$ cat my_file-v5.cif   # mmCIF, C-alpha atoms and all ligand atoms
data_target
#
loop_
_atom_site.label_atom_id
_atom_site.label_comp_id
_atom_site.auth_asym_id
_atom_site.auth_seq_id
_atom_site.Cartn_x
_atom_site.Cartn_y
_atom_site.Cartn_z
CA MET A 16 119.50 155.97 158.96
CA LEU A 17 118.91 159.44 160.34
CA GLY A 18 121.71 161.98 160.66
CA VAL A 19 121.16 164.83 163.09
CA THR A 20 123.41 167.89 163.09
CA GLY A 21 123.80 170.90 165.37
CA SER A 22 120.78 173.08 164.68
CA ILE A 23 117.96 174.17 166.95
CA ALA A 24 115.66 172.24 164.58
CA ALA A 25 117.21 169.04 166.01
CA TYR A 26 114.30 168.90 168.46
CA LYS A 27 112.09 168.06 165.46
CA SER A 28 114.24 165.00 164.71
CA ALA A 29 112.62 163.29 167.68
CA LEU A 30 109.22 163.53 165.96
CA LEU A 31 110.66 162.28 162.69
CA VAL A 32 112.14 159.24 164.45
CA ARG A 33 108.74 158.50 166.00
CA LEU A 34 106.95 158.69 162.66
CA LEU A 35 109.48 156.42 160.99
CA VAL A 36 109.44 153.83 163.77
CA LYS A 37 105.64 153.86 163.88
CA ALA A 38 105.57 153.15 160.14
CA GLY A 39 107.72 150.07 160.68
CA ALA A 40 111.16 151.40 159.74
CA GLU A 41 114.23 150.31 161.64
CA VAL A 42 115.92 153.57 162.53
CA LYS A 43 119.54 154.14 163.55
CA VAL A 44 120.52 157.68 164.47
CA ILE A 45 123.94 159.26 164.01
CA MET A 46 124.52 162.63 165.67
CA THR A 47 127.34 165.04 164.94
CA PRO A 48 129.20 166.25 168.05
CA SER A 49 127.33 169.58 168.19
CA ALA A 50 123.87 167.99 167.66
CA SER A 51 123.80 166.80 171.28
CA ASP A 52 123.86 170.47 172.41
CA PHE A 53 120.29 170.65 171.06
CA VAL A 54 118.74 167.23 171.69
CA THR A 55 120.02 164.44 173.91
CA PRO A 56 121.22 161.14 172.43
CA LEU A 57 119.09 159.43 175.10
CA THR A 58 115.88 160.93 173.66
CA LEU A 59 116.67 159.71 170.15
CA SER A 60 117.91 156.35 171.42
CA VAL A 61 114.68 155.67 173.34
CA LEU A 62 112.53 156.71 170.38
CA SER A 63 114.55 154.82 167.76
CA LYS A 64 114.94 151.74 170.02
CA ASN A 65 118.61 151.65 169.03
CA PRO A 66 121.81 153.08 170.50
CA VAL A 67 122.61 156.51 169.06
CA LEU A 68 126.00 156.72 167.37
CA THR A 69 128.05 159.85 167.89
CA ALA A 70 131.66 158.99 167.08
CA PHE A 71 133.88 156.54 165.20
CA THR A 72 134.54 154.75 168.47
CA ASP A 73 132.00 154.28 171.23
CA ALA A 74 133.24 156.18 174.31
CA GLU A 75 132.08 153.56 176.83
CA SER A 76 132.57 150.21 175.12
CA GLY A 77 135.47 151.24 172.91
CA GLN A 78 133.64 149.52 170.05
CA TRP A 79 134.32 150.76 166.53
CA ASN A 80 131.28 152.06 164.67
CA ASN A 81 132.13 150.81 161.21
CA HIS A 82 131.03 153.61 158.85
CA ILE A 83 131.22 151.34 155.79
CA ASP A 84 128.87 148.76 157.30
CA LEU A 85 126.53 151.49 158.47
CA GLY A 86 126.49 153.12 155.03
CA LEU A 87 125.70 149.78 153.38
CA TRP A 88 123.09 148.85 156.01
CA ALA A 89 120.88 151.87 155.34
CA ASP A 90 118.03 151.77 152.78
CA ALA A 91 117.88 155.55 153.05
CA LEU A 92 120.04 158.19 154.69
CA VAL A 93 118.10 161.21 155.91
CA ILE A 94 119.99 164.19 157.30
CA ALA A 95 117.55 166.35 159.18
CA PRO A 96 118.38 168.96 160.20
CA ALA A 97 121.43 169.61 158.02
CA THR A 98 123.43 172.69 159.02
CA ALA A 99 125.32 174.97 156.61
CA ASN A 100 128.54 173.47 157.96
CA THR A 101 127.45 169.86 157.28
CA LEU A 102 126.20 170.82 153.80
CA ALA A 103 129.60 172.34 153.03
CA ALA A 104 131.46 169.30 154.31
CA MET A 105 129.25 166.93 152.34
CA ALA A 106 129.63 168.99 149.17
CA ASP A 107 133.43 168.90 149.53
CA GLY A 108 133.78 165.27 150.59
CA VAL A 109 135.13 166.14 154.04
CA CYS A 110 134.70 163.27 156.49
CA ASP A 111 135.89 164.28 159.92
CA ASN A 112 132.93 162.86 161.81
CA LEU A 113 131.00 159.58 161.73
CA LEU A 114 127.97 161.03 159.93
CA LEU A 115 130.08 162.45 157.10
CA ALA A 116 131.96 159.16 156.74
CA VAL A 117 128.67 157.24 156.56
CA TYR A 118 127.41 159.73 153.97
CA LEU A 119 130.44 159.05 151.78
CA SER A 120 130.03 155.28 152.20
CA ALA A 121 126.27 155.09 151.65
CA ARG A 122 124.95 153.69 148.38
CA CYS A 123 121.29 154.33 149.26
CA PRO A 124 119.18 157.40 148.38
CA VAL A 125 120.15 160.44 150.50
CA PHE A 126 117.64 163.04 151.68
CA ILE A 127 118.90 166.33 153.09
CA SER A 128 116.70 168.71 155.02
CA PRO A 129 118.63 171.97 155.57
CA ALA A 130 117.87 174.23 158.53
CA MET A 131 119.54 177.54 159.24
CA ASP A 132 119.03 181.27 159.45
CA LEU A 133 117.76 182.97 156.29
CA ASP A 134 120.97 184.85 155.48
CA MET A 135 123.11 181.75 155.92
CA LEU A 136 120.81 179.92 153.52
CA LYS A 137 120.86 182.76 151.00
CA HIS A 138 124.64 182.98 151.03
CA PRO A 139 126.11 182.02 147.65
CA GLY A 140 128.42 179.53 149.41
CA THR A 141 125.47 177.60 150.89
CA GLN A 142 123.49 177.83 147.66
CA ALA A 143 126.46 176.51 145.70
CA ASN A 144 126.82 173.62 148.16
CA ILE A 145 123.14 172.72 147.84
CA ALA A 146 123.39 172.86 144.05
CA LYS A 147 126.48 170.65 144.18
CA LEU A 148 124.75 168.10 146.43
CA ARG A 149 121.88 167.95 143.93
CA THR A 150 124.36 167.07 141.20
CA TYR A 151 125.48 164.11 143.35
CA GLY A 152 121.90 162.79 143.14
CA ASN A 153 121.01 163.75 146.70
CA HIS A 154 117.42 164.81 147.37
CA ILE A 155 117.18 168.25 148.92
CA ILE A 156 114.07 168.82 151.03
CA ALA A 157 113.68 172.57 150.68
CA PRO A 158 113.56 174.58 153.89
CA THR A 159 110.31 176.46 154.47
CA ASP A 160 109.46 180.08 155.08
CA GLY A 161 108.49 181.30 158.53
CA GLU A 162 109.64 182.49 161.91
CA LEU A 163 113.23 181.47 162.71
CA ALA A 164 114.90 180.85 166.06
CA SER A 165 116.91 184.05 165.57
CA GLY A 166 113.68 186.06 165.68
CA LEU A 167 114.01 186.86 162.00
CA SER A 168 111.46 185.67 159.54
CA GLY A 169 112.18 184.04 156.17
CA GLU A 170 113.30 180.89 154.45
CA GLY A 171 115.41 178.47 156.51
CA ARG A 172 113.05 176.47 158.72
CA MET A 173 113.52 172.73 158.52
CA GLU A 174 110.57 171.09 156.77
CA GLU A 175 108.04 169.68 159.27
CA PRO A 176 108.69 166.02 160.27
CA GLU A 177 105.26 164.94 158.92
CA ASN A 178 106.14 166.32 155.49
CA ILE A 179 109.62 164.78 155.49
CA PHE A 180 107.96 161.49 156.38
CA SER A 181 105.48 161.84 153.47
CA ILE A 182 108.30 162.59 151.04
CA LEU A 183 110.10 159.41 152.14
CA ASP A 184 106.89 157.38 152.11
CA ASN A 185 106.08 158.51 148.57
CA PHE A 186 109.60 157.90 147.37
CA PHE A 187 109.66 154.31 148.59
CA HIS A 188 106.06 153.25 148.24
CA ALA A 189 104.36 155.28 145.52
CA ASN A 190 104.60 152.55 142.91
CA LEU A 191 103.70 149.58 145.05
CA PRO A 192 100.55 147.93 143.71
CA LEU A 193 98.77 147.59 147.07
CA ARG A 194 99.57 151.02 148.41
CA GLY A 195 96.58 152.43 150.29
CA LYS A 196 94.86 149.02 150.48
CA ARG A 197 93.99 147.52 153.85
CA ALA A 198 94.37 143.79 154.36
CA LEU A 199 93.42 141.45 157.19
CA VAL A 200 95.14 138.09 157.53
CA THR A 201 94.62 135.44 160.19
CA ALA A 202 97.17 132.77 161.04
CA GLY A 203 97.83 129.76 163.20
CA SER A 204 95.75 127.58 165.44
CA THR A 205 93.37 128.56 168.21
CA TYR A 206 93.53 127.13 171.72
CA GLU A 207 90.22 126.18 173.32
CA ALA A 208 90.54 125.85 177.08
CA ILE A 209 89.53 122.61 178.77
CA ASP A 210 90.78 123.82 182.15
CA PRO A 211 93.42 126.41 183.18
CA VAL A 212 96.30 124.26 181.90
CA ARG A 213 94.87 122.19 179.04
CA PHE A 214 93.40 123.05 175.70
CA PHE A 215 92.22 121.65 172.39
CA GLY A 216 94.32 122.96 169.51
CA ASN A 217 95.59 121.85 166.14
CA ARG A 218 98.87 121.55 164.27
CA SER A 219 98.74 124.80 162.32
CA SER A 220 102.08 126.60 162.68
CA GLY A 221 100.98 129.98 161.33
CA THR A 222 103.69 129.96 158.63
CA MET A 223 101.31 130.36 155.69
CA GLY A 224 99.39 133.26 157.29
CA PHE A 225 102.59 135.06 158.31
CA ALA A 226 104.00 134.62 154.78
CA LEU A 227 100.81 136.09 153.27
CA ALA A 228 100.95 139.06 155.66
CA GLU A 229 104.60 139.75 154.76
CA SER A 230 103.88 139.48 151.07
CA LEU A 231 100.94 141.91 151.27
CA ALA A 232 102.94 144.39 153.37
CA ASN A 233 105.92 144.22 151.02
CA LEU A 234 103.62 145.23 148.19
CA GLY A 235 102.50 148.30 150.13
CA ALA A 236 99.31 147.09 151.87
CA ASP A 237 98.43 148.23 155.36
CA VAL A 238 98.26 144.81 157.05
CA THR A 239 96.59 143.64 160.24
CA LEU A 240 97.60 140.10 161.21
CA ILE A 241 95.56 138.27 163.82
CA SER A 242 97.40 135.20 164.99
CA GLY A 243 96.81 132.32 167.33
CA PRO A 244 99.66 131.09 169.56
CA THR A 245 102.90 130.70 167.58
CA HIS A 246 106.60 131.39 168.04
CA LEU A 247 106.63 133.32 164.74
CA ASN A 248 107.19 137.05 164.53
CA VAL A 249 106.74 139.60 161.77
CA GLU A 250 109.68 140.87 159.76
CA ASN A 251 108.00 143.83 158.10
CA ARG A 252 107.46 146.06 161.08
CA SER A 253 104.57 147.92 159.47
CA ILE A 254 102.37 144.85 160.05
CA ARG A 255 99.98 145.31 162.98
CA LEU A 256 100.23 141.97 164.83
CA ILE A 257 97.42 141.04 167.20
CA ARG A 258 97.94 137.86 169.18
CA ILE A 259 94.89 135.96 170.37
CA GLU A 260 94.33 132.54 171.87
CA SER A 261 90.79 131.28 171.41
CA ALA A 262 88.34 131.18 168.50
CA SER A 263 86.08 133.61 170.33
CA GLU A 264 88.96 136.11 170.73
CA MET A 265 89.78 135.69 167.04
CA HIS A 266 86.13 136.23 166.20
CA ALA A 267 85.99 139.47 168.22
CA GLU A 268 89.20 140.89 166.69
CA CYS A 269 88.24 139.89 163.15
CA MET A 270 84.84 141.52 163.38
CA LYS A 271 86.44 144.72 164.68
CA TYR A 272 88.74 145.07 161.66
CA PHE A 273 86.87 143.32 158.83
CA PRO A 274 84.46 146.17 157.85
CA GLU A 275 87.31 148.47 156.75
CA MET A 276 89.32 145.85 154.84
CA GLU A 277 89.74 145.57 151.08
CA PHE A 278 91.36 142.11 151.36
CA THR A 279 90.72 139.49 154.02
CA ILE A 280 92.50 136.14 154.04
CA MET A 281 91.45 133.62 156.69
CA ALA A 282 94.49 131.35 156.82
CA ALA A 283 93.98 130.47 160.49
CA ALA A 284 92.88 126.98 161.44
CA VAL A 285 90.10 128.16 163.73
CA ALA A 286 88.59 125.53 166.02
CA ASP A 287 85.10 124.49 164.96
CA TYR A 288 84.22 123.43 168.52
CA ARG A 289 85.21 124.47 172.02
CA PRO A 290 84.59 122.93 175.45
CA GLU A 291 81.16 124.05 176.62
CA ASN A 292 82.17 124.68 180.23
CA PRO A 293 85.95 124.95 180.73
CA ALA A 294 86.79 123.89 184.31
CA GLY A 295 87.85 126.71 186.63
CA GLU A 296 90.45 124.47 188.32
CA LYS A 297 92.77 121.82 186.87
CA ILE A 298 90.78 118.64 186.23
CA LYS A 299 91.99 115.81 188.50
CA LYS A 300 92.48 112.31 187.18
CA LYS A 301 89.62 110.23 188.57
CA ASN A 302 87.98 107.75 186.23
CA ASP A 303 89.13 105.68 183.26
CA SER A 304 87.40 107.99 180.85
CA LEU A 305 86.55 111.65 180.69
CA SER A 306 83.95 113.32 178.51
CA VAL A 307 84.15 116.95 177.55
CA SER A 308 81.06 118.45 176.02
CA LEU A 309 81.84 120.63 172.99
CA VAL A 310 79.82 123.44 171.42
CA ALA A 311 80.31 125.01 168.00
CA THR A 312 82.33 128.22 167.70
CA ALA A 313 81.20 131.02 165.42
CA ASP A 314 82.17 130.47 161.77
CA ILE A 315 84.08 133.71 161.30
CA LEU A 316 84.58 133.33 157.57
CA LYS A 317 80.91 132.62 156.95
CA GLU A 318 79.90 135.68 158.98
CA MET A 319 82.32 137.80 156.97
CA GLY A 320 80.90 136.37 153.74
CA ALA A 321 77.40 137.37 154.82
CA LYS A 322 78.53 140.91 155.70
CA LYS A 323 80.84 141.42 152.71
CA LYS A 324 80.26 144.59 150.69
CA ALA A 325 81.26 145.58 147.16
CA GLY A 326 84.99 146.30 147.02
CA GLN A 327 85.84 143.68 149.64
CA THR A 328 87.66 140.51 148.59
CA LEU A 329 87.32 137.54 150.90
CA ILE A 330 89.57 134.49 150.76
CA GLY A 331 89.28 131.30 152.75
CA PHE A 332 91.38 128.20 153.15
CA ALA A 333 90.18 124.64 153.02
CA LEU A 334 92.20 121.76 154.37
CA GLU A 335 90.69 118.57 153.07
CA THR A 336 91.51 114.90 153.21
CA GLU A 337 88.86 113.59 150.79
CA ASN A 338 86.65 114.90 147.96
CA GLU A 339 88.96 117.91 148.01
CA THR A 340 87.76 119.87 144.99
CA GLU A 341 84.09 119.28 145.67
CA ASN A 342 84.41 120.27 149.35
CA ALA A 343 86.48 123.36 148.58
CA LYS A 344 84.04 124.59 145.93
CA SER A 345 81.10 124.03 148.22
CA LYS A 346 82.80 126.15 150.94
CA LEU A 347 83.43 128.87 148.35
CA ASP A 348 79.67 129.04 147.70
CA LYS A 349 78.41 128.53 151.25
CA LYS A 350 80.69 131.17 152.74
CA ASN A 351 80.26 133.64 149.85
CA LEU A 352 84.00 133.83 149.14
CA ASP A 353 85.88 135.28 146.19
CA TYR A 354 88.57 132.63 146.38
CA ILE A 355 89.21 129.46 148.31
CA ILE A 356 92.69 128.03 148.65
CA LEU A 357 92.73 124.28 148.87
CA ASN A 358 95.40 122.37 150.76
CA SER A 359 95.17 118.65 150.47
CA LEU A 360 96.62 116.65 153.33
CA ARG A 361 97.15 113.88 150.79
CA ASP A 362 99.85 115.96 149.08
CA GLU A 363 103.32 115.26 150.32
CA GLY A 364 105.12 118.45 151.40
CA ALA A 365 101.84 120.35 151.87
CA GLY A 366 99.90 121.30 154.98
CA PHE A 367 100.53 122.17 158.60
CA ASN A 368 103.95 120.94 159.59
CA SER A 369 105.79 121.84 156.46
CA ASP A 370 107.68 124.87 155.17
CA THR A 371 106.42 124.04 151.69
CA ASN A 372 102.96 123.92 150.26
CA ARG A 373 101.07 122.96 147.15
CA VAL A 374 97.69 124.57 146.69
CA THR A 375 94.84 124.96 144.23
CA ILE A 376 92.99 128.25 144.15
CA PHE A 377 89.35 128.25 143.09
CA GLY A 378 87.81 131.59 142.13
CA ARG A 379 84.18 132.60 142.45
CA ASN A 380 83.83 132.83 138.70
CA GLY A 381 85.07 129.34 137.98
CA THR A 382 88.83 129.92 137.74
CA GLU A 383 91.17 127.22 138.96
CA THR A 384 94.89 127.84 139.50
CA VAL A 385 97.31 125.15 140.62
CA LEU A 386 100.48 126.28 142.41
CA SER A 387 103.10 123.56 142.43
CA LEU A 388 105.13 122.55 145.49
CA LYS A 389 107.28 125.43 146.72
CA SER A 390 108.11 127.37 149.88
CA LYS A 391 105.20 128.97 151.72
CA THR A 392 106.85 132.36 151.09
CA ASP A 393 106.75 131.75 147.33
CA ILE A 394 103.22 130.36 147.50
CA ALA A 395 102.17 133.50 149.40
CA LYS A 396 103.73 135.77 146.75
CA GLU A 397 101.92 133.90 143.97
CA ILE A 398 98.60 134.03 145.79
CA ILE A 399 98.91 137.80 146.26
CA ASN A 400 100.00 138.34 142.65
CA LEU A 401 96.99 136.37 141.49
CA LEU A 402 94.71 138.53 143.63
CA ILE A 403 96.22 141.70 142.17
CA SER A 404 95.99 140.56 138.57
CA SER A 405 92.51 139.02 138.61
CA ASN A 406 90.55 140.62 141.34
CA PRO A 407 86.84 140.08 140.87
CA SER A 408 85.59 142.52 143.54
CA GLN A 409 87.94 145.49 143.27
N1 LIG A 501 86.99 129.23 159.65
C1 LIG A 501 86.48 130.30 160.34
N2 LIG A 501 85.85 130.11 161.53
C2 LIG A 501 85.72 128.88 162.05
C3 LIG A 501 86.24 127.77 161.34
C4 LIG A 501 86.88 127.98 160.16
O1 LIG A 501 86.60 131.43 159.88
N3 LIG A 501 85.12 128.73 163.22
C5 LIG A 501 87.65 129.46 158.35
C6 LIG A 501 89.10 129.03 158.28
O2 LIG A 501 89.97 130.09 158.63
C7 LIG A 501 89.26 128.65 156.81
C8 LIG A 501 87.88 128.20 156.40
O3 LIG A 501 86.98 128.68 157.40
O4 LIG A 501 89.58 129.78 156.03
C9 LIG A 501 87.71 126.73 156.23
O5 LIG A 501 87.76 126.08 157.43
P1 LIG A 501 87.17 124.61 157.65
O6 LIG A 501 87.28 124.30 159.10
O7 LIG A 501 87.84 123.68 156.71
O8 LIG A 501 85.69 124.79 157.19
P2 LIG A 501 84.37 124.27 157.77
O9 LIG A 501 83.31 125.06 157.12
O10 LIG A 501 84.44 124.31 159.24
O11 LIG A 501 84.26 122.80 157.20
P3 LIG A 501 84.72 121.39 157.76
O12 LIG A 501 85.39 121.60 159.07
O13 LIG A 501 83.50 120.64 157.82
O14 LIG A 501 85.67 120.88 156.71
#
$ encode --input "my_file-v5.cif" --output "structure tokens"
Amino acid sequence: MLGVTGSIAAYKSALLVRLLVKAGAEVKVIMTPSASDFVTPLTLSVLSKNPVLTAFTDAESGQWNNHIDLGLWADALVIAPATANTLAAMADGVCDNLLLAVYLSARCPVFISPAMDLDMLKHPGTQANIAKLRTYGNHIIAPTDGELASGLSGEGRMEEPENIFSILDNFFHANLPLRGKRALVTAGSTYEAIDPVRFFGNRSSGTMGFALAESLANLGADVTLISGPTHLNVENRSIRLIRIESASEMHAECMKYFPEMEFTIMAAAVADYRPENPAGEKIKKKNDSLSVSLVATADILKEMGAKKKAGQTLIGFALETENETENAKSKLDKKNLDYIILNSLRDEGAGFNSDTNRVTIFGRNGTETVLSLKSKTDIAKEIINLLISSNPSQ
């Protein structure tokens, strides 16, 4: 939640909104009545992808903007810029506008970035208010020194949006175990065209790959998810989702991102074969039988294994129906993987069309971990925790 108050520095709020949205945050903006003299609600609404709230009741729809719900919704409340007047009201518990009421209702961490002329900032009244807000546990982002809109020079400039963003990023993510790590995950099936309307595909839903991507992102990793056709969408908006259709498109995207990745998990069920010459027009029904010649697709995982460098961890999946352990271990070797995650189609509740899974994880150095039947979200969390705690290549 971003609160914007009536200071010339309000133009910088637009940049802050952009940075937050780009990083995957859902941003709602509340403006005090005088803030819109400096920046239009439309600007902040377009950038935040949400309606901007300016009053207790929406002027057009008559809808009540429930300050309690808004205060509880926010994971962080950032007030940037905060004027001397808003600081005073917050310090005294005044709540005669929506932003102040949300401030009083919010249980989340509050960050305040004051902006004003140097003498207003120096005034003992303002300084006392800032000190008081600190005692409430609010985080004050100190104004910086420099040229002010008044023409005077001194302390009072709102901190730059990039720095406010870093302060927030550090506050929320500094202790996450995968912070600064890049991860690539693939998910779903691939569609191999037979003609413009038909394809060969498989039953993979993408659920396991999406759950792994969410789990990695929630632990601070910078995640790129390459997915075949699926109705699924990402929840953590910091995940870079790339949708592809065919094995060759997946191959191209994977090879683009793989070199810079610390973790790569190939959860996609990539087609091993594709029609050699997809028809340009829809194939008409003619004879009793139809033959389609298939050619092998590139084995993406194997290529990654061959190119893997120190510091890169590569994980594959194996879906087997017989000789499961033997086949999985042989893929681990052949594709030069660090781990292979075995799904057995023989297991009830495991595999493609299920929200649950039961897997065995074989490690390069002989480890074997069995994860009992549970939701794919929980399986994903356990897989990622295992990678963090026993990572052979990092
Ligand atoms: N895989 C891949 N590229 C392909 C086919 C599969 O990267 N063209 C990856 C899958 O994402 C999975 C792993 O390889 O992580 C295992 O896939 P699988 O099809 O079971 O392996 P294959 O070596 O093709 O063995 P087989 O089909 O004979 O079981």
$ residues_near_ligand --input "my_file-v5.cif" --ligand "ligand LIG 501 (chain A)" --cutoff "7 Å" --atoms "all atoms listed in the file" --output "ChimeraX atom specification"
/A:262,281-287,312-317,331-335,346
$ write_last_selection --input "my_file-v5.cif" --atoms "C-alpha atoms" --output "mmCIF file, keeping the file's coordinate frame"
data_model
loop_
_atom_site.group_PDB
_atom_site.id
_atom_site.type_symbol
_atom_site.label_atom_id
_atom_site.label_comp_id
_atom_site.auth_asym_id
_atom_site.auth_seq_id
_atom_site.Cartn_x
_atom_site.Cartn_y
_atom_site.Cartn_z
ATOM 1 C CA ALA A 262 88.340 131.180 168.500
ATOM 2 C CA MET A 281 91.450 133.620 156.690
ATOM 3 C CA ALA A 282 94.490 131.350 156.820
ATOM 4 C CA ALA A 283 93.980 130.470 160.490
ATOM 5 C CA ALA A 284 92.880 126.980 161.440
ATOM 6 C CA VAL A 285 90.100 128.160 163.730
ATOM 7 C CA ALA A 286 88.590 125.530 166.020
ATOM 8 C CA ASP A 287 85.100 124.490 164.960
ATOM 9 C CA THR A 312 82.330 128.220 167.700
ATOM 10 C CA ALA A 313 81.200 131.020 165.420
ATOM 11 C CA ASP A 314 82.170 130.470 161.770
ATOM 12 C CA ILE A 315 84.080 133.710 161.300
ATOM 13 C CA LEU A 316 84.580 133.330 157.570
ATOM 14 C CA LYS A 317 80.910 132.620 156.950
ATOM 15 C CA GLY A 331 89.280 131.300 152.750
ATOM 16 C CA PHE A 332 91.380 128.200 153.150
ATOM 17 C CA ALA A 333 90.180 124.640 153.020
ATOM 18 C CA LEU A 334 92.200 121.760 154.370
ATOM 19 C CA GLU A 335 90.690 118.570 153.070
ATOM 20 C CA LYS A 346 82.800 126.150 150.940
#
$ closest_atom_pairs --input "my_file-v5.cif" --of "range 159-277 of chain A" --to "range 294-302 of chain A" --cutoff "10 Å" --atoms "only C-alpha atoms" --output "tab-separated table"
residue	atom	partner	partner_atom	distance
A:Ala208	CA	A:Ala294	CA	8.4
A:Ile209	CA	A:Ala294	CA	6.3
A:Asp210	CA	A:Ala294	CA	4.5
A:Pro211	CA	A:Lys297	CA	5.9
A:Val212	CA	A:Lys297	CA	6.6
A:Arg213	CA	A:Lys297	CA	8.1
$ closest_atom_pairs --input "my_file-v5.cif" --of "range 171-197 of chain A" --to "range 93-107 of chain A" --cutoff "10 Å" --atoms "all atoms listed in the file" --output "JSON lines"
{"residue": "A:Arg172", "atom": "CA", "partner": "A:Pro96", "partner_atom": "CA", "distance": 9.3}
{"residue": "A:Met173", "atom": "CA", "partner": "A:Pro96", "partner_atom": "CA", "distance": 6.4}
{"residue": "A:Glu174", "atom": "CA", "partner": "A:Ala95", "partner_atom": "CA", "distance": 8.8}
{"residue": "A:Pro176", "atom": "CA", "partner": "A:Ala95", "partner_atom": "CA", "distance": 8.9}
{"residue": "A:Ile179", "atom": "CA", "partner": "A:Ala95", "partner_atom": "CA", "distance": 8.9}
{"residue": "A:Leu183", "atom": "CA", "partner": "A:Val93", "partner_atom": "CA", "distance": 9.0}
$ residues_near_point --input "my_file-v5.cif" --point "(120.8, 154.0, 168.6)" --cutoff "12 Å" --atoms "all atoms listed in the file" --output "PyMOL selection string"
chain A and resi 16-18+32+41-46+55-69+73+80+85
$ atom_distance --input "my_file-v5.cif" --atom1 "CA of Ser253 in chain A" --atom2 "CA of Lys27 in chain A"
22.3 Å
$ closest_residue --input "my_file-v5.cif" --among "A:Thr20, A:Ser181, A:Ser51, A:Asn144" --to "Leu34 in chain A" --atoms "only C-alpha atoms"
A:Ser181
$ residues_around --input "my_file-v5.cif" --residues "Phe126 in chain A" --least-positions-apart "3" --cutoff "7 Å" --atoms "all atoms listed in the file" --output "ChimeraX atom specification"
/A:92-94,153-156
$ axis_aligned_box --input "my_file-v5.cif" --around "range 254-266 of chain A" --padding-each-side "8 Å" --output "AutoDock Vina command-line options"
--center_x 94.2 --center_y 138.2 --center_z 166.0 --size_x 32.3 --size_y 30.1 --size_z 27.8
$ residues_around --input "my_file-v5.cif" --residues "Ala50 in chain A" --least-positions-apart "2" --cutoff "7 Å" --atoms "all atoms listed in the file" --output "CSV table (one decimal) with C-alpha atoms, in the frame of the given file"
chain,number,residue,atom,x,y,z
A,19,VAL,CA,121.2,164.8,163.1
A,20,THR,CA,123.4,167.9,163.1
A,21,GLY,CA,123.8,170.9,165.4
A,22,SER,CA,120.8,173.1,164.7
A,25,ALA,CA,117.2,169.0,166.0
A,46,MET,CA,124.5,162.6,165.7
A,47,THR,CA,127.3,165.0,164.9
A,48,PRO,CA,129.2,166.2,168.0
A,52,ASP,CA,123.9,170.5,172.4
A,53,PHE,CA,120.3,170.6,171.1
A,54,VAL,CA,118.7,167.2,171.7
$ residues_around --input "my_file-v5.cif" --residues "Pro274 in chain A" --least-positions-apart "3" --cutoff "12 Å" --atoms "all atoms listed in the file" --output "list of chain:residue names"
A:Arg197, A:Ala198, A:Leu199, A:Glu268, A:Cys269, A:Met270, A:Lys271, A:Glu277, A:Phe278, A:Thr279, A:Glu318, A:Met319, A:Gly320, A:Ala321, A:Lys322, A:Lys323, A:Lys324, A:Ala325, A:Gly326, A:Gln327, A:Thr328, A:Leu329
$ atom_distance --input "my_file-v5.cif" --atom1 "CA of Thr384 in chain A" --atom2 "CA of Leu234 in chain A"
21.3 Å
$ atom_distance --input "my_file-v5.cif" --atom1 "CA of Gly195 in chain A" --atom2 "CA of Ala267 in chain A"
24.5 Å
$ build_atoms --input "my_file-v5.cif" --residues "range 160-166 of chain A" --atoms "N, CA, C and O atoms" --output "mmCIF file, keeping the file's coordinate frame"
data_model
loop_
_atom_site.group_PDB
_atom_site.id
_atom_site.type_symbol
_atom_site.label_atom_id
_atom_site.label_comp_id
_atom_site.auth_asym_id
_atom_site.auth_seq_id
_atom_site.Cartn_x
_atom_site.Cartn_y
_atom_site.Cartn_z
ATOM 1 N N ASP A 160 109.495 178.671 154.710
ATOM 2 C CA ASP A 160 109.460 180.080 155.080
ATOM 3 C C ASP A 160 108.744 180.222 156.419
ATOM 4 O O ASP A 160 107.769 179.536 156.646
ATOM 5 N N GLY A 161 109.230 181.085 157.282
ATOM 6 C CA GLY A 161 108.490 181.300 158.530
ATOM 7 C C GLY A 161 109.376 181.922 159.580
ATOM 8 O O GLY A 161 110.473 182.418 159.288
ATOM 9 N N GLU A 162 108.897 181.877 160.824
ATOM 10 C CA GLU A 162 109.640 182.490 161.910
ATOM 11 C C GLU A 162 110.838 181.601 162.266
ATOM 12 O O GLU A 162 110.716 180.386 162.377
ATOM 13 N N LEU A 163 112.006 182.227 162.432
ATOM 14 C CA LEU A 163 113.230 181.470 162.710
ATOM 15 C C LEU A 163 113.645 181.675 164.162
ATOM 16 O O LEU A 163 113.207 182.638 164.817
ATOM 17 N N ALA A 164 114.487 180.768 164.663
ATOM 18 C CA ALA A 164 114.900 180.850 166.060
ATOM 19 C C ALA A 164 115.591 182.167 166.372
ATOM 20 O O ALA A 164 115.544 182.669 167.496
ATOM 21 N N SER A 165 116.210 182.782 165.378
ATOM 22 C CA SER A 165 116.910 184.050 165.570
ATOM 23 C C SER A 165 115.950 185.199 165.828
ATOM 24 O O SER A 165 116.353 186.295 166.220
ATOM 25 N N GLY A 166 114.670 184.980 165.571
ATOM 26 C CA GLY A 166 113.680 186.060 165.680
ATOM 27 C C GLY A 166 113.377 186.646 164.320
ATOM 28 O O GLY A 166 112.375 187.341 164.140
#
